[in-house]
Amino acid sequence: MKGIIFLISAISMFYAVSAFAQLSFGQPEKINEGWKFVLRDQAEAKLQDFDDKAWQTVDLPHDWSVKQPYSPTYASCTGFLPGGIGWYRKSLNIPQEKRDERVYLYFEGVYNRSEVFVNGQSVGSRPNGYISFSFDITPFVRFGENNIIAVRVDHSQNADSRWYTGSGIYRDVWLVYANPVHIAQWGVFVEPQGSTSLQVNIEIQNQSDNNANIHIINELIDASGKVAAKKSQKIQVTAQSVATAQTQLSVKDAKMWDLDNPNLYALKTSVLQNGKVIDETETQTAFRIFTFDPDEGFFLNGKNMKIKGVCLHHDAGVLGSAVPRDVWKRRLRTLKGLGVNAIRTSHNAQAPDLYDLCDEIGLLVMNEAYDEWEFPKNKWIEGWNQGTPGHQGSFDIFAQWGEQDLADMVRRDRNHPSIFAWSIGNEVDYPNDPYSHPILDGDNKEFTQKIFGGYKKDAPDAMRLGGIAKRLAAVVKKYDPSRPVTAGLAGVVMSNQTEYPDALDIAGYNYTESLYQSDHQKYPRRIIYGSENRHDIAAWKAVKDNKHISGQFLWTGIDYLGESGRWPSRGSTAGLLDLGGFIKPRGYFRQSLWSDEPMIYIGTYPANQRQRWLSTDAHPIWNYADNQQIKVVCYTNSAKAKLLLNGKQIDETKDYDEQTGIIYWDIPYQAGKLEAIGLNADNKEVTRYTIQTTKRPHSLKIISSEKVISKDGGLAQIAVQVVDEDGLPVLLADNEITCVIEGEAKLLGLEASNNTDVGDYTDNRQRAFLGRLIAYIQATDKAGTIKVDFTANWLKGASVEIETVN
């Protein structure tokens with residue numbers, strides 16, 4: 001195959017030692033519990049003897065914005081929620097016996113513009129809210145005493161993003177002890193050497209005043225626990241320096257990582273001095289090979305396939321940006337069940353948990369760094385694309401931090417087998433937002449996005465894009481030459497006049513399917529894919545019917561906070577899943593296009609002769625007035641389908657419609673059972689879906705829940721449904737549901753997924769939407785039984801017991 005070939009063998013991490021692979025050194029311990037917090041600026045809070053007793057006690061991860069009231073006085077771009085300035089403080093005892101070790105603080109993410117103090121002294125700051133970072137705090141530590149960690153978080157520019165960001169220390173924080181001679185942070189990297197060999201690159205940091213003779217042992221362990229390969233080597237690291245080492249590990253008949261079988265190996269790296277282990281890290285690694293070809297598209301391990309991706313922001317409704325790992329696990333598994341095989345981290349580095357889960361589940365990841373570079377984009381204040389935009393943002397830190405932030409993202413994440421490309425930007429070339437070019441003058445019908453007027457001479461020159469892209473691409477290649485560099489191009493016609501596309505290995509086109517063929521002819525060596533696309537079947541057919549298009553990423557996989565319409569609106573409803581992680585009708589429509597497993601679904605809505613469009617958002621409701629004309633739409637991957645009403649076939653059996661992807665019937669409503677049956681080409685049933693007329697709400701029913709969780713922060717996700725007296729889900733119900741917990745656990749939130757409900761999300765009551773909601777219940781620190789009761793006025797309640805174990 002011609003084209004660009006990227007062979008990947010990457011490292012991720014065991015969940016049990018999740019901090020090791022992030023840092024690659026030392027002995028990390030999570031320090032999430034018992035922080036003091038206040039939502040106001042208080043300069044003296046950095047001082048060691050400051051009295052914080054009146055402050056709120058919180059556990060991390062913590063997002064303060066999502067816990068505040070929604071208000072139309074805030075910006076729609078971030079979901080009508082506030083930002084502000086907050087302080088966190090924690091007392092830590094650093095034992096006297098650690099005096100000969102180095103001490104670090106490692107933050108997975110703080111939004112944003114944070115500064116960290118130890119015992120009143122500033123140890124450093126980090127303005128980017130998505131980048132993980134650490135500080136060596138050894139010079140500031142008082143060994144054998146209590147030490148005060150204080151963190152100032154400045155999100156006073158609350159409208160600095162086009163989507164909801166959250167505020168605060170919203171990811172995990174670690175305290176790390178390390179020998180003065182240790183593996184450098186993010187200092188283990190594996191580069192591919194074919195399908196059976198790995199090159200392990202290691203950086204050793206010597207922070208002592210003496211030269212160190214080091215013995216390094218690398219062991220590759222397969223899933224059965226057998227050592228598949230082992231190598232050792234000796235190096236010398238001079239005082240106060242960093243030395244590098246390389247070694248080759250070969251595995252005969254290595255099992256490849258792919259989407260159906262995400263085979264992982266464990267890599268154990270040990271560092272010894274004078275025969276004693278002084279540092280050790282254990283991670284996972286995988287073998288895989290992928291190819292991008294400008295004519296044939298994408299290949300994984302030699303198999304041609306389409307990338308069926310979705311874009312994801314980092315929040316989870318009521319949880320804001322502080323999202324537990326198990327929430328992501330449920331969401332990602334649900335997406336994969338719909339046929340999704342790839343994730344785009346729009347438009348920033350995400351929490352390490354997400355990449356770990358994609359490694360384990362078998363999902364490709366495009367890891368993206370930026371939504372803006374040196375100039376700000378429009379941030380809508382009154383409603384999406386409504387009113388006068390604001391121009392807060394992260395542009396002001398780009399000159400100083402842009403390349404460093406990108407380097408740190410690549411170094412942190414480069415060992416994940418799921419990651420197949422690095423994106424250096426999203427829509428930074430949006431026409432006149434902010435860059436402009438003379439080609440914007442005139443009636444150029446090739447543009448598919450809003451241009452905001454013609455060429456603007458005073459706007460930033462689009463020709464700058466090429467130079468910036470080249471610099472960022474060079475940063476990526478320095479730290480990971482094995483993966484392609486990409487970006488999501490919005491103004492493709494404008495960018496084609498610049499060097500921007502040429503700086504990329506693969507070019508993402510946002511909402512620009514109309515140029516797939518013409519640009520392929522103009523630029524025959526360009527590798528093209530859809531980096532952001534609508535949900536309609538035409539956008540998918542532009543991928544499916546063109547071999548040279550590698551795939552697409554839908555906007556979006558899951559509903560998210562921010563980019564809201566006019567008040568009241570919490571966010572965007574463009575997802576396949578809603579804010580609570582439930583599958584929406586359009587999710588089933590996508591499943592009919594992408595899944596290989598037989599499926600069928602029916603939804604309904606009143607038929608309107610003047611409105612002949614076929615909806616992909618039809619809910620499975622069968623409650624209407626007698627004889628009312630109803631349109632029944634069927635999403636299926638079966639060759640044909642037939643419709644039964646109360647056991648009798650209605651109308652004719654219909655073939656799958658390649659143009660619309662939807663089979664439909666217009667029928668008069670009659671109460672009872674409506675069934676769609678999917679048939680293969682031989683008219684044999686392969687799948688069935690049923691909806692029924694329901695009675696009035698009668699009871700609450702637990703439709704899913706964990707039965708056993710860990711006592712150390714384990715999470716139960718309890719889905720509750722309003723049902724009628726026959727146990728059928730009542731989708732039209734909107735009863736207010738109350739949650740009460742007995743036992744060692746706390747309620748993180750109730751999410752019903754209603755985008756227009758901007759009420760109180762801080763209490764234990766929430767109105768159902770489509771008859772359901774999900775409760776997030778987190779264990780504290782004691783084993784035992786948790787009982788969770790759900791009640792609603794005039795309805796029979798429901799309860800569940802959950803065991804917490806060591």
# chains A, B, ... in the order shown; residues from 1 in each chain; ligands from 1
call {"tool": "residues_around", "arguments": {"residues": "stretch 670-686 of chain A", "least_positions_apart": "4", "cutoff": "9 Å", "atoms": "only C-alpha atoms", "output": "ChimeraX atom specification"}}
result
/A:598-602,622-628,634,636-647,690-694
call {"tool": "select_by_dssp", "arguments": {"residues": "stretch 586-654 of chain A", "states": "helix (DSSP H, G or I)", "output": "CSV table (one decimal) with all heavy atoms, in the first residue's frame"}}
result
chain,number,residue,atom,x,y,z
A,586,ARG,N,-31.5,9.3,17.7
A,586,ARG,CA,-30.4,9.4,16.7
A,586,ARG,C,-29.3,8.5,16.9
A,586,ARG,O,-28.5,8.2,16.0
A,586,ARG,CB,-29.9,10.9,16.6
A,586,ARG,CG,-29.2,11.4,17.8
A,586,ARG,CD,-28.7,12.8,17.6
A,586,ARG,NE,-29.7,13.7,17.1
A,586,ARG,CZ,-29.4,14.9,16.6
A,586,ARG,NH1,-28.2,15.3,16.6
A,586,ARG,NH2,-30.4,15.7,16.3
A,587,GLY,N,-29.1,8.0,18.2
A,587,GLY,CA,-28.1,7.0,18.4
A,587,GLY,C,-28.5,5.7,17.8
A,587,GLY,O,-27.6,5.0,17.2
A,588,TYR,N,-29.8,5.4,17.8
A,588,TYR,CA,-30.2,4.1,17.2
A,588,TYR,C,-30.1,4.3,15.6
A,588,TYR,O,-29.8,3.3,14.9
A,588,TYR,CB,-31.6,3.8,17.6
A,588,TYR,CG,-31.7,3.4,19.0
A,588,TYR,CD1,-32.3,4.2,20.0
A,588,TYR,CD2,-31.2,2.1,19.4
A,588,TYR,CE1,-32.4,3.8,21.3
A,588,TYR,CE2,-31.3,1.7,20.8
A,588,TYR,CZ,-31.9,2.6,21.7
A,588,TYR,OH,-31.9,2.2,23.0
A,589,PHE,N,-30.4,5.5,15.1
A,589,PHE,CA,-30.2,5.7,13.7
A,589,PHE,C,-28.8,5.5,13.3
A,589,PHE,O,-28.5,4.8,12.3
A,589,PHE,CB,-30.7,7.1,13.3
A,589,PHE,CG,-30.5,7.4,11.8
A,589,PHE,CD1,-31.2,6.8,10.9
A,589,PHE,CD2,-29.5,8.3,11.4
A,589,PHE,CE1,-31.0,7.0,9.5
A,589,PHE,CE2,-29.3,8.6,10.1
A,589,PHE,CZ,-30.1,7.9,9.1
A,590,ARG,N,-27.8,6.0,14.1
A,590,ARG,CA,-26.4,5.8,13.8
A,590,ARG,C,-26.0,4.3,13.9
A,590,ARG,O,-25.2,3.8,13.1
A,590,ARG,CB,-25.6,6.6,14.7
A,590,ARG,CG,-24.1,6.6,14.4
A,590,ARG,CD,-23.8,7.1,13.0
A,590,ARG,NE,-24.5,8.2,12.6
A,590,ARG,CZ,-24.3,8.8,11.4
A,590,ARG,NH1,-23.3,8.4,10.6
A,590,ARG,NH2,-25.0,9.9,11.1
A,591,GLN,N,-26.6,3.6,14.9
A,591,GLN,CA,-26.4,2.2,15.0
A,591,GLN,C,-26.8,1.4,13.7
A,591,GLN,O,-26.1,0.5,13.3
A,591,GLN,CB,-27.1,1.6,16.2
A,591,GLN,CG,-26.8,0.2,16.5
A,591,GLN,CD,-27.6,-0.3,17.7
A,591,GLN,OE1,-28.7,0.1,18.0
A,591,GLN,NE2,-27.0,-1.3,18.5
A,592,SER,N,-27.9,1.9,13.1
A,592,SER,CA,-28.4,1.2,11.9
A,592,SER,C,-27.4,1.4,10.8
A,592,SER,O,-27.3,0.6,9.8
A,592,SER,CB,-29.7,1.8,11.5
A,592,SER,OG,-29.7,3.1,11.0
A,593,LEU,N,-26.6,2.5,10.8
A,593,LEU,CA,-25.6,2.8,9.7
A,593,LEU,C,-24.3,2.1,10.0
A,593,LEU,O,-23.5,1.7,9.1
A,593,LEU,CB,-25.4,4.3,9.6
A,593,LEU,CG,-26.7,5.1,9.2
A,593,LEU,CD1,-26.3,6.6,9.1
A,593,LEU,CD2,-27.3,4.6,7.9
A,594,TRP,N,-23.9,2.0,11.3
A,594,TRP,CA,-22.5,1.7,11.7
A,594,TRP,C,-22.4,0.3,12.3
A,594,TRP,O,-21.3,-0.3,12.2
A,594,TRP,CB,-22.0,2.7,12.7
A,594,TRP,CG,-21.5,4.0,12.0
A,594,TRP,CD1,-21.6,4.3,10.7
A,594,TRP,CD2,-21.0,5.1,12.7
A,594,TRP,NE1,-21.1,5.5,10.5
A,594,TRP,CE2,-20.7,6.1,11.7
A,594,TRP,CE3,-20.7,5.4,14.0
A,594,TRP,CZ2,-20.1,7.3,11.9
A,594,TRP,CZ3,-20.1,6.6,14.3
A,594,TRP,CH2,-19.8,7.6,13.3
call {"tool": "closest_residue", "arguments": {"among": "A:Gln205, A:Thr780, A:Ser24, A:Gln121", "to": "A:Ser270", "atoms": "only C-alpha atoms"}}
result
A:Ser24
call {"tool": "closest_residue", "arguments": {"among": "A:His416, A:Arg162, A:Lys648, A:Lys477", "to": "A:Pro376", "atoms": "only C-alpha atoms"}}
result
A:Arg162
call {"tool": "residues_around", "arguments": {"residues": "A:Glu427", "least_positions_apart": "3", "cutoff": "6 Å", "atoms": "only C-alpha atoms", "output": "CSV table (one decimal) with C-alpha atoms, in the first residue's frame"}}
result
chain,number,residue,atom,x,y,z
A,430,TYR,CA,-12.7,29.6,10.5
A,488,GLY,CA,-9.8,20.1,11.8
A,489,LEU,CA,-10.0,22.6,9.0
A,490,ALA,CA,-13.1,24.8,8.8
call {"tool": "select_by_dssp", "arguments": {"residues": "stretch 428-614 of chain A", "states": "strand (DSSP E)", "output": "JSON, numbers by chain"}}
result
{"A": [485, 486, 487, 488, 489, 507, 508, 509, 510, 528, 529, 530, 531, 532, 533, 549, 550, 551, 552, 553, 554, 560, 561, 571, 572, 600, 601, 602, 603, 604, 605, 606]}
call {"tool": "closest_residue", "arguments": {"among": "A:Gly86, A:Gly727, A:Pro434, A:Pro69", "to": "A:Lys695", "atoms": "only C-alpha atoms"}}
result
A:Gly727
call {"tool": "decode", "arguments": {"residues": "stretch 227-241 of chain A", "atoms": "all heavy atoms", "output": "CSV table (one decimal), in the first residue's frame"}}
result
chain,number,residue,atom,x,y,z
A,227,VAL,N,6.6,-13.8,31.2
A,227,VAL,CA,7.5,-12.8,30.7
A,227,VAL,C,7.8,-13.1,29.2
A,227,VAL,O,8.4,-14.2,28.9
A,227,VAL,CB,8.9,-12.8,31.5
A,227,VAL,CG1,9.8,-11.8,30.8
A,227,VAL,CG2,8.6,-12.4,32.9
A,228,ALA,N,7.4,-12.3,28.3
A,228,ALA,CA,7.5,-12.5,26.9
A,228,ALA,C,8.9,-12.0,26.3
A,228,ALA,O,9.4,-12.5,25.3
A,228,ALA,CB,6.4,-11.8,26.1
A,229,ALA,N,9.5,-11.0,27.0
A,229,ALA,CA,10.8,-10.5,26.6
A,229,ALA,C,11.4,-9.8,27.8
A,229,ALA,O,10.7,-9.2,28.6
A,229,ALA,CB,10.6,-9.6,25.4
A,230,LYS,N,12.7,-9.8,27.8
A,230,LYS,CA,13.4,-9.1,28.9
A,230,LYS,C,14.8,-8.6,28.4
A,230,LYS,O,15.5,-9.4,27.7
A,230,LYS,CB,13.6,-10.1,30.1
A,230,LYS,CG,14.3,-9.5,31.3
A,230,LYS,CD,14.3,-10.5,32.4
A,230,LYS,CE,15.0,-9.9,33.7
A,230,LYS,NZ,15.0,-10.9,34.8
A,231,LYS,N,15.1,-7.4,28.8
A,231,LYS,CA,16.4,-6.9,28.5
A,231,LYS,C,16.9,-6.0,29.7
A,231,LYS,O,16.1,-5.4,30.4
A,231,LYS,CB,16.3,-6.0,27.3
A,231,LYS,CG,16.2,-6.7,25.9
A,231,LYS,CD,17.6,-7.3,25.5
A,231,LYS,CE,17.5,-7.9,24.1
A,231,LYS,NZ,17.4,-6.9,23.1
A,232,SER,N,18.2,-6.0,29.9
A,232,SER,CA,18.8,-5.2,30.9
A,232,SER,C,20.0,-4.4,30.3
A,232,SER,O,20.6,-4.9,29.4
A,232,SER,CB,19.2,-6.0,32.1
A,232,SER,OG,20.2,-6.9,31.8
A,233,GLN,N,20.3,-3.3,30.9
A,233,GLN,CA,21.4,-2.5,30.5
A,233,GLN,C,21.9,-1.6,31.6
A,233,GLN,O,21.2,-1.4,32.6
A,233,GLN,CB,21.0,-1.6,29.3
A,233,GLN,CG,19.9,-0.6,29.6
A,233,GLN,CD,19.4,0.0,28.3
A,233,GLN,OE1,18.2,0.0,28.1
A,233,GLN,NE2,20.3,0.6,27.5
A,234,LYS,N,23.2,-1.2,31.5
A,234,LYS,CA,23.8,-0.3,32.5
A,234,LYS,C,24.2,1.0,31.8
A,234,LYS,O,24.8,1.0,30.7
A,234,LYS,CB,25.0,-1.0,33.1
A,234,LYS,CG,24.6,-2.3,33.9
A,234,LYS,CD,25.8,-2.9,34.5
A,234,LYS,CE,25.4,-4.2,35.3
A,234,LYS,NZ,26.6,-4.8,36.0
A,235,ILE,N,23.9,2.1,32.5
A,235,ILE,CA,24.3,3.4,32.1
A,235,ILE,C,24.8,4.2,33.2
A,235,ILE,O,24.6,3.9,34.4
A,235,ILE,CB,23.2,4.2,31.4
A,235,ILE,CG1,22.1,4.5,32.4
A,235,ILE,CG2,22.6,3.4,30.2
A,235,ILE,CD1,21.0,5.4,31.8
A,236,GLN,N,25.6,5.3,32.9
A,236,GLN,CA,25.9,6.2,34.0
A,236,GLN,C,25.2,7.6,33.7
A,236,GLN,O,25.1,8.0,32.6
A,236,GLN,CB,27.5,6.5,34.0
A,236,GLN,CG,27.9,7.4,35.1
A,236,GLN,CD,29.4,7.7,35.1
A,236,GLN,OE1,29.9,8.5,34.3
A,236,GLN,NE2,30.1,7.0,36.0
A,237,VAL,N,24.7,8.1,34.8
A,237,VAL,CA,24.0,9.4,34.7
A,237,VAL,C,24.8,10.4,35.6
A,237,VAL,O,24.9,10.2,36.8
A,237,VAL,CB,22.6,9.3,35.2
A,237,VAL,CG1,21.8,10.6,34.9
A,237,VAL,CG2,21.8,8.1,34.7
A,238,THR,N,25.3,11.4,35.0
A,238,THR,CA,26.1,12.4,35.7
A,238,THR,C,25.2,13.2,36.6
A,238,THR,O,24.0,13.3,36.4
A,238,THR,CB,26.9,13.3,34.7
A,238,THR,OG1,25.9,14.0,33.9
A,238,THR,CG2,27.9,12.5,33.9
A,239,ALA,N,25.9,13.8,37.6
A,239,ALA,CA,25.1,14.6,38.6
A,239,ALA,C,24.3,15.7,37.9
A,239,ALA,O,24.8,16.4,37.0
A,239,ALA,CB,26.1,15.1,39.6
A,240,GLN,N,23.1,16.0,38.5
A,240,GLN,CA,22.3,17.1,38.0
A,240,GLN,C,22.1,17.1,36.5
A,240,GLN,O,22.2,18.1,35.9
A,240,GLN,CB,22.9,18.4,38.5
A,240,GLN,CG,23.0,18.5,40.0
A,240,GLN,CD,21.7,18.5,40.7
A,240,GLN,OE1,20.6,18.8,40.2
A,240,GLN,NE2,21.7,18.0,42.0
A,241,SER,N,21.7,15.9,36.0
A,241,SER,CA,21.5,15.8,34.5
A,241,SER,C,20.5,14.8,34.2
A,241,SER,O,20.0,14.0,35.1
A,241,SER,CB,22.8,15.5,33.8
A,241,SER,OG,23.2,14.2,34.1
